[in-house]
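Q: Mind looking over this structure? Questions follow.
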Amino acid sequence: MKEVEIAIIGGGPGGICAAAEAAKCGAHVVLLDENPGLGGQIYRRLPGGFAVRDEGRLGKDYVEGTKLIRELEQHKEKVEVISGAVVWGVFPGNEIAFLSGDRNERLKANRVILAEGAYDRPVPFPGWTLPGVITGGAALRMVKAERILPGERLLLAGTGPLQLALGAHLVQAGAKVVAILEASSRGAFWKHLPKLLGERGLLKEGFNYIRELQRAKVPVLTGHAVVAVQGDGEVQRAVYARVDNNWKTISGTEKTVEVDTICSGYGLVPSTRLSRLFGCKHSWDRSLGGWVSEHDSYAETTIQGVFTVGECAGVRGALVAAEEGRLAAIRACQQLGRLSEDEARRKSVSVVKRLKKLTGFESALGKMFAMRSGLFAQIPDETVICRCEEITAGEIRSAIAEGLTSIDEIKAVTHAGMGPCQGRICETIVSEMVSIQTGRPPEEVRPHTPRPPVKPLVLGSFAQE
Amino acid sequence: MKQETEIVVAGGGITGTATAYYLAKAGKDVVLVERGDLTRGSSAANAGFVWITYRAPGPALRLGLATLDSYDEMSKNHDMEYEKCGGLTLFETENLFKDMAPFVDVRKNAGLSGLKFLDRNGLLQLEPHLAPFVLGALLNPLDGHINPMRAVYAYAAEARKHGAQLHTGVEITGINIEKGHVKSVITNKGEIKTKYIVNACGAHAPVLGKMVGLKVPIGFQREQILVSEEVPGIVGRPMFTASYKKTVQQGGVGGFTTAFFANQTKKGNLILGGVNDFPGEVTSTTFEAFEAISREAIRYLPILKTLSVRAIRSFAKFYIHTPDALPVLGKVKGIEGFIMASGLNDFGMGVGPGAGKVISELICLGEPSIPLDGFSLSRFEN
Amino acid sequence: MDRRIQNGFERGKSFEIEVDGTKVKAFEGETIAAALLAAGKRTTCKSNAKKEARGLYCGMGVCMGCRMIVDGKPNTLVCQTLATPDCKVKTQNALENWWASK
Ligand SMILES: Cc1cc2nc3c(=O)[nH]c(=O)nc-3n(C[C@H](O)[C@H](O)[C@H](O)COP(=O)(O)OP(=O)(O)OC[C@H]3O[C@@H](n4cnc5c(N)ncnc54)[C@H](O)[C@@H]3O)c2cc1C
Ligand SMILES: Cc1cc2nc3c(=O)[nH]c(=O)nc-3n(C[C@H](O)[C@H](O)[C@H](O)COP(=O)(O)OP(=O)(O)OC[C@H]3O[C@@H](n4cnc5c(N)ncnc54)[C@H](O)[C@@H]3O)c2cc1C
Ligand code: FES
């Protein structure tokens, strides 16, 4: 089995910066990512066959991504990038198992940096499984990377500034965005937005987005959310309404619009499957997106030698991910003897400084755009919650009523969370539902105990004897 | 939680919940305590084979038959996905047909009259996806499968309905004995006065034994399994190979045994096994088991490769291992009120409810309908 | 409406893929999901239990919604699978049309 000093899982800003920094400190690194190219979600590259003529026109994120990837390329001899590698399991002794195409491979790492990122928070409403309802992230990927409009008449529903970016990208590319529904109240949203954009270095970009939306006459409706989506087999129209402070629909305010696509963007959920497999301790923090690994100021988790950086350790944006990646790399290199304690401290000073500034603000932001329970409380009984096993809200509620209150128990009895997505979609919803129905805070609802494979594993991927 | 009861059942697996159900149904005052939740033990993590073929004619087989009756009864009110669809022991060598003949003969006379050898053609008619090297099989039409978790929850629900109290998150930490009689159990949530304690703690039964000074030779035998995504009908009934493979790991220690088995749930997930070993109280799954199970599954069912079928889950829990592969059931010498209900090895789903019924008879009537002498703890004394 | 955006880059080679027997245009490096969206096709499969239409949702290989039969392999996630010249893509009808696909 191949042995490396540091294995990094995830090739977004967190993983790229961790790899680059570690290489700078002299360590040998393997960087694994499931996609064909580096960049992660925000800096996803254009498809392999595309030729870029003018990077500037692809937007600020693209340019920033290129910068980081170039930095990494300067350390080619130290960093092995394995793209198209789906990590499906980790085993004792820091053994990392991954699928490379249809083949199974394994490597052993002295130190592991997890930079798995996050995924869009699933929020169910009647009709949310219809083709044409996609996540805000999926829409961003299509319009920013694949350069394809996911729909022609779209409604954006959710919370947070990413919706504005998405809306602007869509109208720029010629789509009709009928409205952007922002669940938080008007005052809160517009008051905090400039500060937020400023801190992320996106003030100019942000104003451009807003100008773009104004030019296209896209209404941003604060205090609104989507109530239901309808259509014969595919999305044809959406019903939306005003919501109260807890994001519960105010009845009587419903309106219907004809649309072909709904982009549901209620923030992100940290990906913690691998850190849970490692046995790292996790705690609940709504402003960070839910369950996140506990870690020290160097991003090291409660399991020695295992670090979590970026969104998988709490949703705080790409800039934090990048800095955190660097910090973890410095610490790991120190542990490996590649840096003296002094060198490590010197190297980390500026990183820590930038990080402090970013994280101080980001958590305030997280709180503001954190989910409210009203949306979950009002899900009708017949709405599917677990998309894989097709388990409805009613079935889950009756299991809770029977006294089942841990995710594992509800999974055992209803099958919610047993399908191929391994509970990524329904886990957060079910825990909100338990919390609502039992009055317990979500941190008391025990999450799944994940096991490998964290991504479906082709049985035929092992060489026959 | 009650502070006084007549019977405390320790362990919320299939054995404990079934015991509590039969006791409550008989009008007894029962409290079941489970340290985790009802999915904590082996009963929540097994392949769901309801097999009685391999029980020895006599009391063991009768416990199996009683279990089938119990499932039939329970199925009237609960969808446990129980199906008496038959079970197959796969033969890879011609010798097996001959070697197994006496085994089949004795069972035919002991209640399993439907046992039948299938040649390759007969087998392919039932299971068209099996690879050509499988030459035939032994079919028992009484065998079948169940959704084990649903079964546990069904017995738990019925027990409650009949007045039993079930408490999860309650762990037994001590047992008070006075003058050779059980007086009370100590739990992390307080003391419960009781006349009886039924030790249905599965692989952890020795811990309770130790509390009263008993040596219970039950051990942790880890078994690992893979579960596939939902696929169309690939196997029609649970099947198990008659041959297993031993893999000795580097240095000759810590080897494991691989034995192919497959079952398909109602929803279409394949349950594929299995690898077992003795690492102690460890429930993680290993890369080696993934590799071994996947390879065997594809060797027996090549269609899994053609369709590129994927595993979505793995799990590992314990067979409730005893040295002679027989359960440990019934009273123990010297401690009045302490009842063993464990040691169900790899056949808890095929015996647990029957055992629960018989334990309840032992307590309620003093005399069980199936003799338990052969399963007493004292058989291990020498 | 051409859903493919043109701005600051050039697409690579274009070719056709076959979707339920119909030709659909795709470009080198595009995912099958992108080619389908560009062609306005949204339903990728019928769900196993309720037989309801499903399509792209997460766009990142998490939700398992975009399952199709690609070159005979069922449950292929088209948001994570690149289009290749002449690849054969079929709408997956729950567990029903798996065999015909061999
Ligand atoms: C779909 C989507 C689109 C987004 N678009 C934007 C945007 O346009 N603008 C913006 O400001 N923010 C966007 N975000 C937020 C974004 O997640 C962060 O700002 C940033 O990408 C976080 O960086 P990261 O390094 O923590 O993780 P990511 O960038 O998410 O990188 C994690 C990487 O790890 C890979 N990975 C995860 N698990 C495995 C595994 N088991 N095996 C192999 N590889 C694995 C992922 O595929 C991914 O490439 C988006 C988020 C999502 C989910
Ligand atoms: C992978 C695998 C596959 C299997 N496949 C099959 C199969 O196909 N067919 C079959 O018949 N059998 C199978 N078995 C075996 C079967 O699972 C067991 O025989 C059966 O589950 C035993 O049930 P039980 O109720 O005796 O024990 P368990 O289900 O283990 O229950 C014991 C319970 O006691 C609790 N407990 C322990 N200590 C305490 C305490 N101090 N206080 C309170 N509670 C306590 C535990 O938490 C546990 O929940 C399989 C086993 C495994 C691991
Ligand atoms: S859209 Fe979610 S996996 Fe492809």
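As shown in the structure tokens, the chain order sets the letters A, B, ...; within each chain, residues go from 1, and ligands are also counted from 1 in the order they appear.
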Looking only at the backbone, which of the residues in range 138-224 of chain B does DSSP tag as alpha helix (DSSP H), as a VMD selection string?
A: chain B and resid 148 to 161 205 to 211
Q: Which protein, DNA or RNA residues have an atom within 6 Å of ligand 1, counting only C-alpha atoms and all ligand atoms, as a compact mmCIF listing (two decimals) with N, CA, C and O atoms, in the first residue's frame?
A:
# COMPACT_ATOMS: atom_id res chain seq x y z
N ILE A 9 -8.30 15.31 1.54
CA ILE A 9 -9.50 14.87 0.81
C ILE A 9 -10.37 16.08 0.53
O ILE A 9 -10.85 16.75 1.45
N GLY A 10 -10.55 16.36 -0.75
CA GLY A 10 -11.34 17.52 -1.16
C GLY A 10 -10.46 18.56 -1.83
O GLY A 10 -9.50 19.04 -1.23
N GLY A 11 -10.80 18.90 -3.06
CA GLY A 11 -9.97 19.81 -3.84
C GLY A 11 -10.61 21.17 -4.05
O GLY A 11 -10.45 21.78 -5.10
N GLY A 12 -11.34 21.66 -3.05
CA GLY A 12 -11.84 23.04 -3.08
C GLY A 12 -10.78 23.95 -2.49
O GLY A 12 -9.63 23.53 -2.30
N PRO A 13 -11.14 25.20 -2.21
CA PRO A 13 -10.15 26.14 -1.66
C PRO A 13 -9.45 25.59 -0.42
O PRO A 13 -8.22 25.76 -0.27
N GLY A 14 -10.20 24.92 0.46
CA GLY A 14 -9.58 24.38 1.68
C GLY A 14 -8.50 23.37 1.35
O GLY A 14 -7.36 23.46 1.84
N GLY A 15 -8.84 22.42 0.52
CA GLY A 15 -7.89 21.35 0.18
C GLY A 15 -6.72 21.85 -0.65
O GLY A 15 -5.57 21.45 -0.43
N LEU A 32 -6.85 14.24 -2.99
CA LEU A 32 -7.89 13.43 -3.65
C LEU A 32 -9.16 14.24 -3.83
O LEU A 32 -9.61 14.90 -2.89
N ASP A 33 -9.73 14.20 -5.01
CA ASP A 33 -11.02 14.85 -5.22
C ASP A 33 -11.82 14.07 -6.25
O ASP A 33 -11.27 13.54 -7.21
N GLU A 34 -13.12 14.03 -6.03
CA GLU A 34 -13.97 13.19 -6.88
C GLU A 34 -14.24 13.79 -8.26
O GLU A 34 -14.69 13.09 -9.16
N ASN A 35 -14.00 15.07 -8.42
CA ASN A 35 -14.34 15.73 -9.68
C ASN A 35 -13.21 15.59 -10.71
O ASN A 35 -12.08 15.30 -10.35
N GLY A 40 -13.21 22.63 -6.33
CA GLY A 40 -14.30 22.43 -5.37
C GLY A 40 -15.57 23.05 -5.92
O GLY A 40 -15.75 23.16 -7.13
N GLN A 41 -16.44 23.46 -5.03
CA GLN A 41 -17.73 23.98 -5.50
C GLN A 41 -17.59 25.39 -6.05
O GLN A 41 -17.99 25.67 -7.18
N ILE A 42 -17.03 26.28 -5.27
CA ILE A 42 -17.03 27.69 -5.70
C ILE A 42 -16.12 27.93 -6.90
O ILE A 42 -16.44 28.71 -7.78
N ALA A 85 -11.30 10.78 -7.93
CA ALA A 85 -11.11 9.78 -6.87
C ALA A 85 -12.20 9.97 -5.82
O ALA A 85 -12.23 10.98 -5.13
N VAL A 86 -13.09 9.01 -5.73
CA VAL A 86 -14.17 9.09 -4.75
C VAL A 86 -13.74 8.34 -3.49
O VAL A 86 -13.60 7.12 -3.51
N VAL A 87 -13.53 9.07 -2.43
CA VAL A 87 -13.14 8.41 -1.18
C VAL A 87 -14.38 7.79 -0.56
O VAL A 87 -15.36 8.48 -0.29
N TRP A 88 -14.35 6.48 -0.35
CA TRP A 88 -15.56 5.83 0.18
C TRP A 88 -15.39 5.30 1.59
O TRP A 88 -16.36 4.96 2.24
N ALA A 115 -11.20 18.06 3.75
CA ALA A 115 -11.72 19.32 3.19
C ALA A 115 -12.89 18.98 2.28
O ALA A 115 -12.94 19.36 1.12
N GLU A 116 -13.83 18.24 2.85
CA GLU A 116 -14.95 17.69 2.07
C GLU A 116 -15.97 18.70 1.61
O GLU A 116 -16.82 18.39 0.79
N GLY A 117 -15.96 19.88 2.23
CA GLY A 117 -16.93 20.89 1.82
C GLY A 117 -18.31 20.68 2.42
O GLY A 117 -18.47 20.07 3.49
N ALA A 118 -19.30 21.21 1.73
CA ALA A 118 -20.67 21.19 2.23
C ALA A 118 -21.61 20.96 1.07
O ALA A 118 -21.19 20.94 -0.08
N TYR A 119 -22.87 20.77 1.38
CA TYR A 119 -23.87 20.64 0.32
C TYR A 119 -25.11 21.44 0.69
O TYR A 119 -25.30 21.79 1.86
N ASP A 120 -25.93 21.72 -0.30
CA ASP A 120 -27.11 22.55 -0.05
C ASP A 120 -28.04 21.93 0.97
O ASP A 120 -28.31 20.73 0.91
N GLY A 137 -27.07 25.49 -5.25
CA GLY A 137 -25.73 25.06 -5.62
C GLY A 137 -25.69 24.40 -6.99
O GLY A 137 -24.79 24.65 -7.79
N ALA A 138 -26.69 23.58 -7.26
CA ALA A 138 -26.74 22.91 -8.57
C ALA A 138 -26.88 23.96 -9.66
O ALA A 138 -26.24 23.87 -10.72
N LEU A 140 -25.91 27.08 -9.50
CA LEU A 140 -24.63 27.79 -9.62
C LEU A 140 -23.64 26.98 -10.45
O LEU A 140 -22.92 27.50 -11.28
N ARG A 141 -23.62 25.69 -10.18
CA ARG A 141 -22.70 24.85 -10.93
C ARG A 141 -23.02 24.90 -12.42
O ARG A 141 -22.14 25.05 -13.26
N GLY A 310 -12.28 24.17 6.21
CA GLY A 310 -13.27 24.67 5.26
C GLY A 310 -14.68 24.35 5.71
O GLY A 310 -14.96 24.18 6.89
N GLU A 311 -15.56 24.25 4.71
CA GLU A 311 -16.99 24.15 5.02
C GLU A 311 -17.37 22.87 5.76
O GLU A 311 -18.37 22.84 6.44
N CYS A 312 -16.58 21.82 5.61
CA CYS A 312 -16.94 20.60 6.32
C CYS A 312 -16.79 20.81 7.83
O CYS A 312 -17.33 20.07 8.63
N GLY A 317 -17.67 30.10 4.27
CA GLY A 317 -17.20 30.73 3.04
C GLY A 317 -15.83 30.25 2.60
O GLY A 317 -15.08 29.62 3.35
N ALA A 318 -15.50 30.61 1.36
CA ALA A 318 -14.30 30.09 0.71
C ALA A 318 -13.02 30.69 1.29
O ALA A 318 -11.98 30.02 1.33
N ALA A 321 -12.08 28.85 4.31
CA ALA A 321 -11.62 27.51 3.93
C ALA A 321 -10.15 27.54 3.55
O ALA A 321 -9.34 26.71 4.00
Q: Once you count only C-alpha atoms, which residues of chain A turn out to be within 10 Å of chain B? Could you give them as number ranges by chain?
A: A: 88-92, 95-97, 102, 104, 106, 277, 388-389, 402, 404-406, 408-414, 418-422, 450-465
Q: Residues within 10 Å of range 27-34 of chain C, please, as a JSON list (two decimals) with C-alpha atoms, in the first residue's frame. Count only C-alpha atoms; anything in the same chain fewer than 4 positions from it doesn't count.
A:
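New file around07.json:
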[["chain", "number", "residue", "atom", "x", "y", "z"],
["A", 36, "PRO", "CA", -12.49, 15.78, -12.99],
["A", 46, "LEU", "CA", -15.06, 24.84, -16.86],
["A", 47, "PRO", "CA", -15.49, 21.42, -18.49],
["A", 48, "GLY", "CA", -12.26, 19.86, -19.71],
["A", 49, "GLY", "CA", -12.90, 20.42, -23.39],
["A", 50, "PHE", "CA", -13.58, 24.16, -23.08],
["A", 141, "ARG", "CA", -22.70, 24.85, -10.93],
["A", 142, "MET", "CA", -24.69, 24.77, -14.14],
["A", 143, "VAL", "CA", -24.47, 28.46, -14.84],
["A", 145, "ALA", "CA", -19.10, 25.91, -14.62],
["A", 146, "GLU", "CA", -21.08, 24.03, -17.21],
["A", 147, "ARG", "CA", -22.25, 27.38, -18.56],
["A", 148, "ILE", "CA", -25.77, 26.20, -19.16],
["A", 149, "LEU", "CA", -29.02, 27.74, -18.01],
["A", 150, "PRO", "CA", -30.77, 25.24, -15.78],
["C", 3, "ARG", "CA", -29.50, 27.45, -22.96],
["C", 4, "ARG", "CA", -25.77, 27.28, -23.59],
["C", 11, "ARG", "CA", -16.69, 24.95, -26.14],
["C", 12, "GLY", "CA", -14.72, 21.94, -27.27],
["C", 13, "LYS", "CA", -15.66, 19.30, -29.79],
["C", 14, "SER", "CA", -19.34, 18.68, -30.10],
["C", 15, "PHE", "CA", -20.87, 15.28, -30.62],
["C", 16, "GLU", "CA", -24.15, 13.45, -30.20],
["C", 17, "ILE", "CA", -25.33, 11.22, -27.44],
["C", 19, "VAL", "CA", -31.11, 9.72, -25.04],
["C", 38, "ALA", "CA", -29.56, 22.17, -22.54],
["C", 39, "ALA", "CA", -31.98, 19.99, -24.45],
["C", 40, "GLY", "CA", -34.75, 20.79, -21.97],
["C", 41, "LYS", "CA", -34.99, 17.22, -20.65],
["C", 42, "ARG", "CA", -35.57, 17.20, -16.93],
["C", 44, "THR", "CA", -34.00, 11.29, -15.37],
["C", 55, "GLY", "CA", -34.42, 14.73, -11.93],
["C", 56, "LEU", "CA", -31.36, 16.76, -11.10],
["C", 59, "GLY", "CA", -25.99, 18.68, -8.92],
["C", 66, "CYS", "CA", -30.29, 12.03, -11.32],
["C", 67, "ARG", "CA", -30.10, 8.28, -11.89],
["C", 68, "MET", "CA", -30.15, 7.01, -15.45],
["C", 70, "VAL", "CA", -25.90, 4.85, -19.12],
["C", 77, "LEU", "CA", -25.53, 9.68, -11.63],
["C", 78, "VAL", "CA", -25.60, 11.85, -14.71],
["C", 79, "CYS", "CA", -24.55, 14.98, -12.81],
["C", 80, "GLN", "CA", -21.23, 13.26, -12.15],
["C", 81, "THR", "CA", -20.80, 11.49, -15.46],
["C", 82, "LEU", "CA", -19.25, 13.07, -18.52],
["C", 83, "ALA", "CA", -20.94, 12.70, -21.86],
["C", 84, "THR", "CA", -18.94, 10.67, -24.36],
["C", 85, "PRO", "CA", -19.54, 10.37, -28.09],
["C", 87, "CYS", "CA", -23.04, 7.04, -25.23],
["C", 89, "VAL", "CA", -28.58, 7.13, -22.04]]
Q: Residues of chain C within 9 Å of chain B, using only C-alpha atoms, as a PyMOL selection string?
A: chain C and resi 48-49+72-75+95-96+98-99+102
Q: If you measure from CA of Trp284 in chain A to CA of Leu375 in chain A, what distance in Å do you get, rounded to one decimal?
A: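 Result for CA of Trp284 in chain A versus CA of Leu375 in chain A: 19.7 Å, one decimal.
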Q: Which residues, written as a ChimeraX atom specification, have at least one atom at most 7 Å from Ala94 in chain C, with only C-alpha atoms counted and residues fewer than 6 positions away on the same chain left out?
A: /C:45-48,51
Q: Tell me, in Å to one decimal, how far CA of Ala20 in chain B is from CA of Gly352 in chain B.
A: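 Answer for the CA of Ala20 in chain B to CA of Gly352 in chain B separation: 11.8 Å.
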Q: Range 109-334 of chain B: which residues are strand (DSSP E) by DSSP, as a PyMOL selection string?
A: chain B and resi 116-119+136-140+144-145+165-168+172-178+181-187+190-193+196-199+219-230+239-241+245-247+256-264+269-277+310-321+328-332
Q: Determine the nearest neighbour of ligand 3 from the options C:Ile69, C:Leu37, C:Met60, C:Met1, counting only C-alpha atoms and all ligand atoms.
A: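 Residue with the minimum atom-to-atom distance to ligand 3: C:Met60.
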Q: Would you list the contacts of Ile436 in chain A as a list in words, taking every protein, DNA or RNA residue within 9 Å and counting only C-alpha atoms, but skipping same-chain residues closer than 5 positions in sequence?
A: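 Using only C-alpha atoms, the neighbours found are Ser373, Phe376, Ala377, Ser431, Pro441 and Pro442 of chain A.
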Q: Residues as selected, N, CA and C atoms, written as a short mmCIF file (atom, residue, chain, number, x, y, z; two decimals), in the first residue's frame, can you do that?
A:
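The resulting file, selection-v2.cif, is reproduced below:
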data_model
loop_
_atom_site.label_atom_id
_atom_site.label_comp_id
_atom_site.auth_asym_id
_atom_site.auth_seq_id
_atom_site.Cartn_x
_atom_site.Cartn_y
_atom_site.Cartn_z
N SER A 373 -37.37 27.09 12.27
CA SER A 373 -38.08 25.82 12.26
C SER A 373 -39.44 25.85 11.55
N PHE A 376 -40.08 23.68 8.60
CA PHE A 376 -40.16 22.23 8.82
C PHE A 376 -41.46 21.85 9.52
N ALA A 377 -41.91 22.75 10.37
CA ALA A 377 -43.13 22.44 11.13
C ALA A 377 -44.33 22.31 10.21
N SER A 431 -33.95 15.53 11.97
CA SER A 431 -33.59 16.01 13.31
C SER A 431 -34.36 17.29 13.64
N PRO A 441 -33.88 20.45 22.03
CA PRO A 441 -33.03 21.15 21.07
C PRO A 441 -32.35 20.14 20.12
N PRO A 442 -32.07 20.56 18.88
CA PRO A 442 -31.52 19.63 17.89
C PRO A 442 -30.22 18.98 18.36
#
Q: Return as JSON, numbers by chain every polymer residue, whether protein, DNA or RNA, with at least one atom no more than 7 Å from an atom of ligand 2; count only C-alpha atoms and all ligand atoms.
A: {"B": [10, 11, 12, 13, 14, 15, 16, 33, 34, 35, 36, 37, 38, 39, 40, 41, 42, 43, 44, 45, 46, 47, 48, 49, 50, 51, 170, 171, 172, 173, 200, 201, 202, 203, 204, 205, 207, 208, 222, 223, 224, 225, 315, 316, 317, 318, 319, 320, 341, 342, 343, 344, 345, 346, 347, 348, 349, 350, 351, 352]}
Q: I'd like the contact shell of Asn7 in chain C - 9 Å cut-off, only C-alpha atoms, skipping same-chain residues fewer than 5 positions apart - returned as a PDB file with N, CA, C and O atoms, in the first residue's frame.
A:
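Final file, part-v4.pdb:
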ATOM      1  N   ARG A  53     -10.998  31.969 -23.286  1.00  0.00           N
ATOM      2  CA  ARG A  53     -10.403  33.079 -24.030  1.00  0.00           C
ATOM      3  C   ARG A  53     -10.107  34.237 -23.096  1.00  0.00           C
ATOM      4  O   ARG A  53      -9.036  34.815 -23.134  1.00  0.00           O
ATOM      5  N   ASP A  54     -11.049  34.553 -22.240  1.00  0.00           N
ATOM      6  CA  ASP A  54     -10.905  35.737 -21.401  1.00  0.00           C
ATOM      7  C   ASP A  54     -11.407  35.412 -19.995  1.00  0.00           C
ATOM      8  O   ASP A  54     -12.596  35.446 -19.721  1.00  0.00           O
ATOM      9  N   ARG A  57     -13.853  37.539 -17.895  1.00  0.00           N
ATOM     10  CA  ARG A  57     -15.290  37.513 -18.152  1.00  0.00           C
ATOM     11  C   ARG A  57     -15.976  36.321 -17.489  1.00  0.00           C
ATOM     12  O   ARG A  57     -17.197  36.218 -17.507  1.00  0.00           O
ATOM     13  N   LEU A  58     -15.191  35.422 -16.938  1.00  0.00           N
ATOM     14  CA  LEU A  58     -15.804  34.272 -16.248  1.00  0.00           C
ATOM     15  C   LEU A  58     -16.107  34.590 -14.797  1.00  0.00           C
ATOM     16  O   LEU A  58     -16.672  33.783 -14.078  1.00  0.00           O
ATOM     17  N   ARG A 147     -21.822  26.268 -17.708  1.00  0.00           N
ATOM     18  CA  ARG A 147     -22.253  27.378 -18.562  1.00  0.00           C
ATOM     19  C   ARG A 147     -23.511  27.025 -19.342  1.00  0.00           C
ATOM     20  O   ARG A 147     -23.576  27.148 -20.566  1.00  0.00           O
ATOM     21  N   ALA A 173     -27.089  35.808 -18.095  1.00  0.00           N
ATOM     22  CA  ALA A 173     -27.029  34.820 -19.166  1.00  0.00           C
ATOM     23  C   ALA A 173     -28.333  34.737 -19.950  1.00  0.00           C
ATOM     24  O   ALA A 173     -28.475  33.898 -20.831  1.00  0.00           O
TER      25      ALA A 173
END
Q: For chain A, which residue out of C:Ala100, C:Ala35, C:Ile5, C:Lys25 is the nearest one, using only C-alpha atoms?
A: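 Ranked by minimum distance to chain A, first place goes to C:Ile5.
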Q: Would you compute the distance between CA of Val198 in chain B and CA of Phe278 in chain B? Give it in Å to one decimal.
A: 26.3 Å
Q: For each of A:Val306, A:Ala241, A:Val227, A:Ile425, take the minimum atom-to-atom distance to ligand 3, counting only C-alpha atoms and all ligand atoms, then give the residue where this is smallest.
A: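 Looking only at the distances to ligand 3, the closest residue turns out to be A:Ile425.
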